[in-house]
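Here is the structure we will look at.
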Amino acid sequence: MQLKKSKTYKEQVELLRNKGLKINDSGNVISFLNHVNYYRFSGYFLPFISKTDKKFHEDTSFEQLASCIIQSVDETSISGY
């Protein structure tokens with residue numbers, strides 16, 4: 001079985017944009033992904049994804065998702081953000 005090549009943070013940001021996530025500052029998203037990896041982040045954004053086209057609901061922003069995660073997750077596990 002061949003493993004998937006890991007994506008750079010820039011590639012992850014583009015993936016999120018391609019799924020329709022509104023991103024104002026890609027540097028902010030990269031910093032966040034450095035502390036909370038994409039896989040962990042993806043578990044929180046599932047409620048914001050359409051089941052039919054696998055894209056974010058219209059006008060979903062990174063700031064909304066990050067706020068939800070910070071409120072939901074123990075702050076010590078993502079300290080520094």
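The way I read the labels, and the way they are meant: chains A, B, ... in the order of the structure tokens, residue 1 as the first residue of every chain, and ligand 1 as the first ligand shown, with later ones counted on from there.
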Practice prompt. Please run DSSP on the backbone and report, as a PyMOL selection string, all residues within chain A that come out as strand (DSSP E or B).
Written response: chain A and resi 22+49+56+61
Let's see if you can do this: from backbone DSSP, list all alpha helix (DSSP H) residues in chain A, as an mmCIF file with all heavy atoms, in the first residue's frame.
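Wrote it out as part.cif, contents follow:
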data_model
loop_
_atom_site.group_PDB
_atom_site.id
_atom_site.type_symbol
_atom_site.label_atom_id
_atom_site.label_comp_id
_atom_site.auth_asym_id
_atom_site.auth_seq_id
_atom_site.Cartn_x
_atom_site.Cartn_y
_atom_site.Cartn_z
ATOM 1 N N TYR A 9 1.805 23.256 4.472
ATOM 2 C CA TYR A 9 0.766 24.114 5.041
ATOM 3 C C TYR A 9 0.105 24.958 3.953
ATOM 4 O O TYR A 9 -1.109 25.159 3.971
ATOM 5 C CB TYR A 9 1.343 25.018 6.140
ATOM 6 C CG TYR A 9 1.712 24.260 7.390
ATOM 7 C CD1 TYR A 9 3.000 24.310 7.897
ATOM 8 C CD2 TYR A 9 0.772 23.498 8.072
ATOM 9 C CE1 TYR A 9 3.342 23.608 9.046
ATOM 10 C CE2 TYR A 9 1.102 22.794 9.215
ATOM 11 C CZ TYR A 9 2.396 22.866 9.698
ATOM 12 O OH TYR A 9 2.730 22.181 10.833
ATOM 13 N N LYS A 10 0.890 25.447 2.997
ATOM 14 C CA LYS A 10 0.310 26.229 1.899
ATOM 15 C C LYS A 10 -0.673 25.386 1.087
ATOM 16 O O LYS A 10 -1.729 25.868 0.692
ATOM 17 C CB LYS A 10 1.407 26.776 0.988
ATOM 18 C CG LYS A 10 2.163 27.924 1.578
ATOM 19 C CD LYS A 10 3.182 28.474 0.586
ATOM 20 C CE LYS A 10 3.925 29.635 1.193
ATOM 21 N NZ LYS A 10 4.851 30.258 0.256
ATOM 22 N N GLU A 11 -0.324 24.138 0.843
ATOM 23 C CA GLU A 11 -1.226 23.236 0.112
ATOM 24 C C GLU A 11 -2.502 22.968 0.912
ATOM 25 O O GLU A 11 -3.593 22.878 0.341
ATOM 26 C CB GLU A 11 -0.521 21.922 -0.216
ATOM 27 C CG GLU A 11 0.574 22.061 -1.257
ATOM 28 C CD GLU A 11 1.411 20.805 -1.418
ATOM 29 O OE1 GLU A 11 1.601 20.057 -0.432
ATOM 30 O OE2 GLU A 11 1.903 20.585 -2.539
ATOM 31 N N GLN A 12 -2.376 22.862 2.235
ATOM 32 C CA GLN A 12 -3.551 22.652 3.081
ATOM 33 C C GLN A 12 -4.469 23.867 3.042
ATOM 34 O O GLN A 12 -5.696 23.726 2.993
ATOM 35 C CB GLN A 12 -3.114 22.343 4.513
ATOM 36 C CG GLN A 12 -2.418 21.005 4.655
ATOM 37 C CD GLN A 12 -1.838 20.788 6.030
ATOM 38 O OE1 GLN A 12 -2.307 21.343 7.015
ATOM 39 N NE2 GLN A 12 -0.793 19.972 6.105
ATOM 40 N N VAL A 13 -3.882 25.061 3.047
ATOM 41 C CA VAL A 13 -4.677 26.288 2.943
ATOM 42 C C VAL A 13 -5.416 26.313 1.609
ATOM 43 O O VAL A 13 -6.611 26.635 1.555
ATOM 44 C CB VAL A 13 -3.782 27.544 3.111
ATOM 45 C CG1 VAL A 13 -4.543 28.809 2.737
ATOM 46 C CG2 VAL A 13 -3.262 27.637 4.538
ATOM 47 N N GLU A 14 -4.747 25.955 0.532
ATOM 48 C CA GLU A 14 -5.392 25.922 -0.784
ATOM 49 C C GLU A 14 -6.516 24.884 -0.824
ATOM 50 O O GLU A 14 -7.561 25.118 -1.424
ATOM 51 C CB GLU A 14 -4.372 25.650 -1.891
ATOM 52 C CG GLU A 14 -3.581 26.863 -2.284
ATOM 53 C CD GLU A 14 -4.455 28.077 -2.609
ATOM 54 O OE1 GLU A 14 -5.344 27.968 -3.485
ATOM 55 O OE2 GLU A 14 -4.271 29.131 -1.964
ATOM 56 N N LEU A 15 -6.306 23.751 -0.182
ATOM 57 C CA LEU A 15 -7.342 22.728 -0.104
ATOM 58 C C LEU A 15 -8.586 23.277 0.596
ATOM 59 O O LEU A 15 -9.710 23.085 0.133
ATOM 60 C CB LEU A 15 -6.804 21.494 0.629
ATOM 61 C CG LEU A 15 -7.725 20.305 0.783
ATOM 62 C CD1 LEU A 15 -8.112 19.744 -0.583
ATOM 63 C CD2 LEU A 15 -7.038 19.218 1.596
ATOM 64 N N LEU A 16 -8.375 23.985 1.692
ATOM 65 C CA LEU A 16 -9.494 24.595 2.416
ATOM 66 C C LEU A 16 -10.195 25.639 1.552
ATOM 67 O O LEU A 16 -11.423 25.697 1.506
ATOM 68 C CB LEU A 16 -9.007 25.214 3.726
ATOM 69 C CG LEU A 16 -8.554 24.212 4.789
ATOM 70 C CD1 LEU A 16 -7.814 24.928 5.908
ATOM 71 C CD2 LEU A 16 -9.734 23.428 5.328
ATOM 72 N N ARG A 17 -9.418 26.454 0.849
ATOM 73 C CA ARG A 17 -10.005 27.460 -0.054
ATOM 74 C C ARG A 17 -10.810 26.792 -1.164
ATOM 75 O O ARG A 17 -11.891 27.246 -1.518
ATOM 76 C CB ARG A 17 -8.910 28.327 -0.671
ATOM 77 C CG ARG A 17 -8.471 29.452 0.203
ATOM 78 C CD ARG A 17 -7.648 30.471 -0.566
ATOM 79 N NE ARG A 17 -7.388 31.617 0.261
ATOM 80 C CZ ARG A 17 -6.187 32.043 0.598
ATOM 81 N NH1 ARG A 17 -5.109 31.433 0.157
ATOM 82 N NH2 ARG A 17 -6.057 33.100 1.371
ATOM 83 N N ASN A 18 -10.261 25.710 -1.727
ATOM 84 C CA ASN A 18 -10.956 24.993 -2.798
ATOM 85 C C ASN A 18 -12.260 24.372 -2.317
ATOM 86 O O ASN A 18 -13.170 24.148 -3.113
ATOM 87 C CB ASN A 18 -10.060 23.924 -3.412
ATOM 88 C CG ASN A 18 -8.919 24.506 -4.196
ATOM 89 O OD1 ASN A 18 -8.963 25.660 -4.629
ATOM 90 N ND2 ASN A 18 -7.865 23.732 -4.379
ATOM 91 N N SER A 26 -3.845 33.901 5.048
ATOM 92 C CA SER A 26 -3.334 32.523 4.990
ATOM 93 C C SER A 26 -2.233 32.288 6.025
ATOM 94 O O SER A 26 -2.083 31.178 6.520
ATOM 95 C CB SER A 26 -2.849 32.176 3.582
ATOM 96 O OG SER A 26 -1.821 33.035 3.174
ATOM 97 N N GLY A 27 -1.484 33.320 6.382
ATOM 98 C CA GLY A 27 -0.452 33.173 7.410
ATOM 99 C C GLY A 27 -1.055 32.800 8.755
ATOM 100 O O GLY A 27 -0.482 32.002 9.502
ATOM 101 N N ASN A 28 -2.194 33.355 9.054
ATOM 102 C CA ASN A 28 -2.906 33.039 10.295
ATOM 103 C C ASN A 28 -3.349 31.577 10.297
ATOM 104 O O ASN A 28 -3.241 30.880 11.311
ATOM 105 C CB ASN A 28 -4.105 33.984 10.431
ATOM 106 C CG ASN A 28 -4.658 34.039 11.827
ATOM 107 O OD1 ASN A 28 -3.987 33.728 12.799
ATOM 108 N ND2 ASN A 28 -5.909 34.438 11.927
ATOM 109 N N VAL A 29 -3.827 31.103 9.153
ATOM 110 C CA VAL A 29 -4.276 29.707 9.033
ATOM 111 C C VAL A 29 -3.076 28.769 9.160
ATOM 112 O O VAL A 29 -3.147 27.748 9.855
ATOM 113 C CB VAL A 29 -5.014 29.466 7.699
ATOM 114 C CG1 VAL A 29 -5.435 28.014 7.570
ATOM 115 C CG2 VAL A 29 -6.216 30.381 7.583
ATOM 116 N N ILE A 30 -1.967 29.117 8.535
ATOM 117 C CA ILE A 30 -0.755 28.288 8.615
ATOM 118 C C ILE A 30 -0.277 28.189 10.059
ATOM 119 O O ILE A 30 0.062 27.104 10.537
ATOM 120 C CB ILE A 30 0.340 28.834 7.680
ATOM 121 C CG1 ILE A 30 -0.054 28.558 6.222
ATOM 122 C CG2 ILE A 30 1.701 28.224 8.009
ATOM 123 C CD1 ILE A 30 0.829 29.237 5.192
ATOM 124 N N SER A 31 -0.280 29.304 10.758
ATOM 125 C CA SER A 31 0.115 29.299 12.178
ATOM 126 C C SER A 31 -0.803 28.393 12.987
ATOM 127 O O SER A 31 -0.352 27.607 13.831
ATOM 128 C CB SER A 31 0.075 30.724 12.723
ATOM 129 O OG SER A 31 0.352 30.741 14.092
ATOM 130 N N PHE A 32 -2.102 28.480 12.727
ATOM 131 C CA PHE A 32 -3.073 27.653 13.428
ATOM 132 C C PHE A 32 -2.835 26.167 13.131
ATOM 133 O O PHE A 32 -2.826 25.343 14.046
ATOM 134 C CB PHE A 32 -4.484 28.067 13.001
ATOM 135 C CG PHE A 32 -5.575 27.352 13.732
ATOM 136 C CD1 PHE A 32 -5.989 27.788 14.974
ATOM 137 C CD2 PHE A 32 -6.187 26.247 13.180
ATOM 138 C CE1 PHE A 32 -7.010 27.135 15.652
ATOM 139 C CE2 PHE A 32 -7.200 25.586 13.846
ATOM 140 C CZ PHE A 32 -7.611 26.032 15.085
ATOM 141 N N LEU A 33 -2.645 25.832 11.851
ATOM 142 C CA LEU A 33 -2.427 24.429 11.469
ATOM 143 C C LEU A 33 -1.130 23.880 12.051
ATOM 144 O O LEU A 33 -1.001 22.681 12.265
ATOM 145 C CB LEU A 33 -2.428 24.284 9.942
ATOM 146 C CG LEU A 33 -3.785 24.498 9.270
ATOM 147 C CD1 LEU A 33 -3.613 24.543 7.754
ATOM 148 C CD2 LEU A 33 -4.766 23.417 9.671
ATOM 149 N N ASN A 34 -0.182 24.753 12.313
ATOM 150 C CA ASN A 34 1.067 24.339 12.944
ATOM 151 C C ASN A 34 0.828 23.866 14.376
ATOM 152 O O ASN A 34 1.547 23.001 14.881
ATOM 153 C CB ASN A 34 2.065 25.501 12.919
ATOM 154 C CG ASN A 34 3.457 25.071 13.289
ATOM 155 O OD1 ASN A 34 3.879 23.958 13.002
ATOM 156 N ND2 ASN A 34 4.179 25.959 13.926
ATOM 157 N N HIS A 35 -0.201 24.395 15.022
ATOM 158 C CA HIS A 35 -0.526 24.014 16.402
ATOM 159 C C HIS A 35 -1.615 22.951 16.466
ATOM 160 O O HIS A 35 -1.608 22.098 17.351
ATOM 161 C CB HIS A 35 -0.970 25.234 17.208
ATOM 162 C CG HIS A 35 0.111 26.231 17.425
ATOM 163 N ND1 HIS A 35 1.189 26.001 18.234
ATOM 164 C CD2 HIS A 35 0.296 27.458 16.906
ATOM 165 C CE1 HIS A 35 1.999 27.040 18.216
ATOM 166 N NE2 HIS A 35 1.472 27.937 17.421
ATOM 167 N N TYR A 38 -4.123 19.533 10.506
ATOM 168 C CA TYR A 38 -5.264 19.510 9.583
ATOM 169 C C TYR A 38 -6.245 18.400 9.944
ATOM 170 O O TYR A 38 -7.456 18.614 9.939
ATOM 171 C CB TYR A 38 -4.766 19.329 8.146
ATOM 172 C CG TYR A 38 -5.853 19.430 7.118
ATOM 173 C CD1 TYR A 38 -6.141 20.644 6.510
ATOM 174 C CD2 TYR A 38 -6.609 18.318 6.751
ATOM 175 C CE1 TYR A 38 -7.155 20.753 5.557
ATOM 176 C CE2 TYR A 38 -7.622 18.418 5.808
ATOM 177 C CZ TYR A 38 -7.890 19.635 5.222
ATOM 178 O OH TYR A 38 -8.899 19.738 4.298
ATOM 179 N N TYR A 39 -5.736 17.237 10.271
ATOM 180 C CA TYR A 39 -6.608 16.104 10.592
ATOM 181 C C TYR A 39 -7.496 16.423 11.795
ATOM 182 O O TYR A 39 -8.700 16.196 11.782
ATOM 183 C CB TYR A 39 -5.773 14.848 10.842
ATOM 184 C CG TYR A 39 -6.611 13.646 11.182
ATOM 185 C CD1 TYR A 39 -7.297 12.955 10.186
ATOM 186 C CD2 TYR A 39 -6.737 13.199 12.494
ATOM 187 C CE1 TYR A 39 -8.083 11.857 10.484
ATOM 188 C CE2 TYR A 39 -7.518 12.107 12.803
ATOM 189 C CZ TYR A 39 -8.185 11.439 11.802
ATOM 190 O OH TYR A 39 -8.973 10.361 12.100
ATOM 191 N N ARG A 40 -6.902 16.975 12.821
ATOM 192 C CA ARG A 40 -7.672 17.342 14.016
ATOM 193 C C ARG A 40 -8.671 18.453 13.693
ATOM 194 O O ARG A 40 -9.821 18.416 14.115
ATOM 195 C CB ARG A 40 -6.721 17.780 15.126
ATOM 196 C CG ARG A 40 -7.415 18.064 16.424
ATOM 197 C CD ARG A 40 -6.413 18.318 17.511
ATOM 198 N NE ARG A 40 -7.077 18.516 18.776
ATOM 199 C CZ ARG A 40 -6.467 18.915 19.864
ATOM 200 N NH1 ARG A 40 -5.176 19.121 19.844
ATOM 201 N NH2 ARG A 40 -7.133 19.073 20.963
ATOM 202 N N PHE A 41 -8.220 19.430 12.935
ATOM 203 C CA PHE A 41 -9.066 20.541 12.518
ATOM 204 C C PHE A 41 -10.268 20.037 11.718
ATOM 205 O O PHE A 41 -11.393 20.494 11.913
ATOM 206 C CB PHE A 41 -8.218 21.505 11.691
ATOM 207 C CG PHE A 41 -8.901 22.767 11.245
ATOM 208 C CD1 PHE A 41 -9.707 23.497 12.097
ATOM 209 C CD2 PHE A 41 -8.698 23.252 9.967
ATOM 210 C CE1 PHE A 41 -10.314 24.680 11.684
ATOM 211 C CE2 PHE A 41 -9.292 24.423 9.540
ATOM 212 C CZ PHE A 41 -10.101 25.135 10.400
ATOM 213 N N SER A 42 -10.041 19.067 10.852
ATOM 214 C CA SER A 42 -11.108 18.574 9.975
ATOM 215 C C SER A 42 -12.271 17.967 10.757
ATOM 216 O O SER A 42 -13.420 18.036 10.320
ATOM 217 C CB SER A 42 -10.569 17.568 8.965
ATOM 218 O OG SER A 42 -10.181 16.366 9.591
ATOM 219 N N GLY A 43 -12.006 17.401 11.896
ATOM 220 C CA GLY A 43 -13.078 16.857 12.719
ATOM 221 C C GLY A 43 -14.045 17.921 13.204
ATOM 222 O O GLY A 43 -15.239 17.672 13.365
ATOM 223 N N TYR A 44 -13.543 19.121 13.406
ATOM 224 C CA TYR A 44 -14.390 20.219 13.868
ATOM 225 C C TYR A 44 -15.145 20.884 12.734
ATOM 226 O O TYR A 44 -16.202 21.464 12.951
ATOM 227 C CB TYR A 44 -13.552 21.265 14.608
ATOM 228 C CG TYR A 44 -13.116 20.797 15.959
ATOM 229 C CD1 TYR A 44 -11.894 20.166 16.128
ATOM 230 C CD2 TYR A 44 -13.937 20.946 17.069
ATOM 231 C CE1 TYR A 44 -11.490 19.702 17.367
ATOM 232 C CE2 TYR A 44 -13.552 20.488 18.318
ATOM 233 C CZ TYR A 44 -12.331 19.876 18.457
ATOM 234 O OH TYR A 44 -11.938 19.418 19.681
ATOM 235 N N PHE A 45 -14.609 20.834 11.510
ATOM 236 C CA PHE A 45 -15.332 21.532 10.455
ATOM 237 C C PHE A 45 -16.354 20.670 9.731
ATOM 238 O O PHE A 45 -17.108 21.159 8.894
ATOM 239 C CB PHE A 45 -14.415 22.289 9.487
ATOM 240 C CG PHE A 45 -13.460 21.515 8.627
ATOM 241 C CD1 PHE A 45 -13.885 20.585 7.704
ATOM 242 C CD2 PHE A 45 -12.106 21.791 8.704
ATOM 243 C CE1 PHE A 45 -13.000 19.926 6.883
ATOM 244 C CE2 PHE A 45 -11.206 21.144 7.875
ATOM 245 C CZ PHE A 45 -11.660 20.206 6.962
ATOM 246 N N PHE A 62 -12.670 30.898 8.190
ATOM 247 C CA PHE A 62 -11.680 30.292 9.072
ATOM 248 C C PHE A 62 -11.850 30.819 10.496
ATOM 249 O O PHE A 62 -11.756 30.067 11.457
ATOM 250 C CB PHE A 62 -10.257 30.576 8.572
ATOM 251 C CG PHE A 62 -9.221 30.280 9.604
ATOM 252 C CD1 PHE A 62 -8.893 28.973 9.911
ATOM 253 C CD2 PHE A 62 -8.617 31.305 10.309
ATOM 254 C CE1 PHE A 62 -7.968 28.687 10.900
ATOM 255 C CE2 PHE A 62 -7.680 31.034 11.292
ATOM 256 C CZ PHE A 62 -7.359 29.721 11.587
ATOM 257 N N GLU A 63 -12.110 32.100 10.613
ATOM 258 C CA GLU A 63 -12.243 32.707 11.933
ATOM 259 C C GLU A 63 -13.385 32.068 12.722
ATOM 260 O O GLU A 63 -13.258 31.842 13.920
ATOM 261 C CB GLU A 63 -12.452 34.225 11.812
ATOM 262 C CG GLU A 63 -11.229 34.987 11.370
ATOM 263 C CD GLU A 63 -10.925 34.886 9.863
ATOM 264 O OE1 GLU A 63 -11.789 34.405 9.087
ATOM 265 O OE2 GLU A 63 -9.815 35.271 9.475
ATOM 266 N N GLN A 64 -14.492 31.756 12.050
ATOM 267 C CA GLN A 64 -15.618 31.079 12.718
ATOM 268 C C GLN A 64 -15.186 29.714 13.242
ATOM 269 O O GLN A 64 -15.492 29.351 14.377
ATOM 270 C CB GLN A 64 -16.774 30.857 11.745
ATOM 271 C CG GLN A 64 -17.556 32.069 11.368
ATOM 272 C CD GLN A 64 -18.576 31.721 10.308
ATOM 273 O OE1 GLN A 64 -18.225 31.196 9.259
ATOM 274 N NE2 GLN A 64 -19.833 32.006 10.580
ATOM 275 N N LEU A 65 -14.511 28.958 12.379
ATOM 276 C CA LEU A 65 -14.105 27.609 12.768
ATOM 277 C C LEU A 65 -13.075 27.637 13.886
ATOM 278 O O LEU A 65 -13.172 26.869 14.846
ATOM 279 C CB LEU A 65 -13.538 26.859 11.562
ATOM 280 C CG LEU A 65 -14.527 26.574 10.447
ATOM 281 C CD1 LEU A 65 -13.837 25.849 9.311
ATOM 282 C CD2 LEU A 65 -15.694 25.763 10.952
ATOM 283 N N ALA A 66 -12.097 28.514 13.773
ATOM 284 C CA ALA A 66 -11.064 28.604 14.801
ATOM 285 C C ALA A 66 -11.683 28.980 16.148
ATOM 286 O O ALA A 66 -11.310 28.433 17.188
ATOM 287 C CB ALA A 66 -9.991 29.612 14.393
ATOM 288 N N SER A 67 -12.642 29.878 16.119
ATOM 289 C CA SER A 67 -13.327 30.286 17.348
ATOM 290 C C SER A 67 -14.051 29.103 17.985
ATOM 291 O O SER A 67 -13.986 28.912 19.203
ATOM 292 C CB SER A 67 -14.311 31.411 17.033
ATOM 293 O OG SER A 67 -15.041 31.764 18.173
ATOM 294 N N CYS A 68 -14.724 28.307 17.168
ATOM 295 C CA CYS A 68 -15.420 27.121 17.686
ATOM 296 C C CYS A 68 -14.443 26.146 18.323
ATOM 297 O O CYS A 68 -14.712 25.590 19.387
ATOM 298 C CB CYS A 68 -16.171 26.405 16.565
ATOM 299 S SG CYS A 68 -17.601 27.287 15.958
ATOM 300 N N ILE A 69 -13.327 25.946 17.681
ATOM 301 C CA ILE A 69 -12.338 24.995 18.193
ATOM 302 C C ILE A 69 -11.736 25.491 19.490
ATOM 303 O O ILE A 69 -11.625 24.744 20.459
ATOM 304 C CB ILE A 69 -11.241 24.741 17.147
ATOM 305 C CG1 ILE A 69 -11.834 23.983 15.972
ATOM 306 C CG2 ILE A 69 -10.069 23.971 17.744
ATOM 307 C CD1 ILE A 69 -10.932 23.911 14.773
ATOM 308 N N ILE A 70 -11.380 26.749 19.523
ATOM 309 C CA ILE A 70 -10.754 27.297 20.727
ATOM 310 C C ILE A 70 -11.719 27.213 21.908
ATOM 311 O O ILE A 70 -11.320 26.927 23.028
ATOM 312 C CB ILE A 70 -10.267 28.736 20.476
ATOM 313 C CG1 ILE A 70 -9.064 28.685 19.538
ATOM 314 C CG2 ILE A 70 -9.913 29.437 21.782
ATOM 315 C CD1 ILE A 70 -8.628 30.016 18.987
ATOM 316 N N GLN A 71 -13.003 27.400 21.659
ATOM 317 C CA GLN A 71 -13.994 27.281 22.731
ATOM 318 C C GLN A 71 -14.198 25.830 23.151
ATOM 319 O O GLN A 71 -14.502 25.556 24.301
ATOM 320 C CB GLN A 71 -15.327 27.866 22.283
ATOM 321 C CG GLN A 71 -15.303 29.361 22.134
ATOM 322 C CD GLN A 71 -16.595 29.921 21.553
ATOM 323 O OE1 GLN A 71 -17.564 29.209 21.405
ATOM 324 N NE2 GLN A 71 -16.585 31.193 21.226
ATOM 325 N N SER A 72 -14.021 24.898 22.219
ATOM 326 C CA SER A 72 -14.323 23.496 22.483
ATOM 327 C C SER A 72 -13.156 22.701 23.057
ATOM 328 O O SER A 72 -13.353 21.733 23.770
ATOM 329 C CB SER A 72 -14.768 22.800 21.198
ATOM 330 O OG SER A 72 -15.933 23.397 20.713
#
Worksheet item: Quick one: of A:Leu21, A:Met1, A:Leu46, A:Thr8, who's nearest to Glu58 in chain A, counting only C-alpha atoms?
Response: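 Closest residue, counting only C-alpha atoms: A:Leu21.
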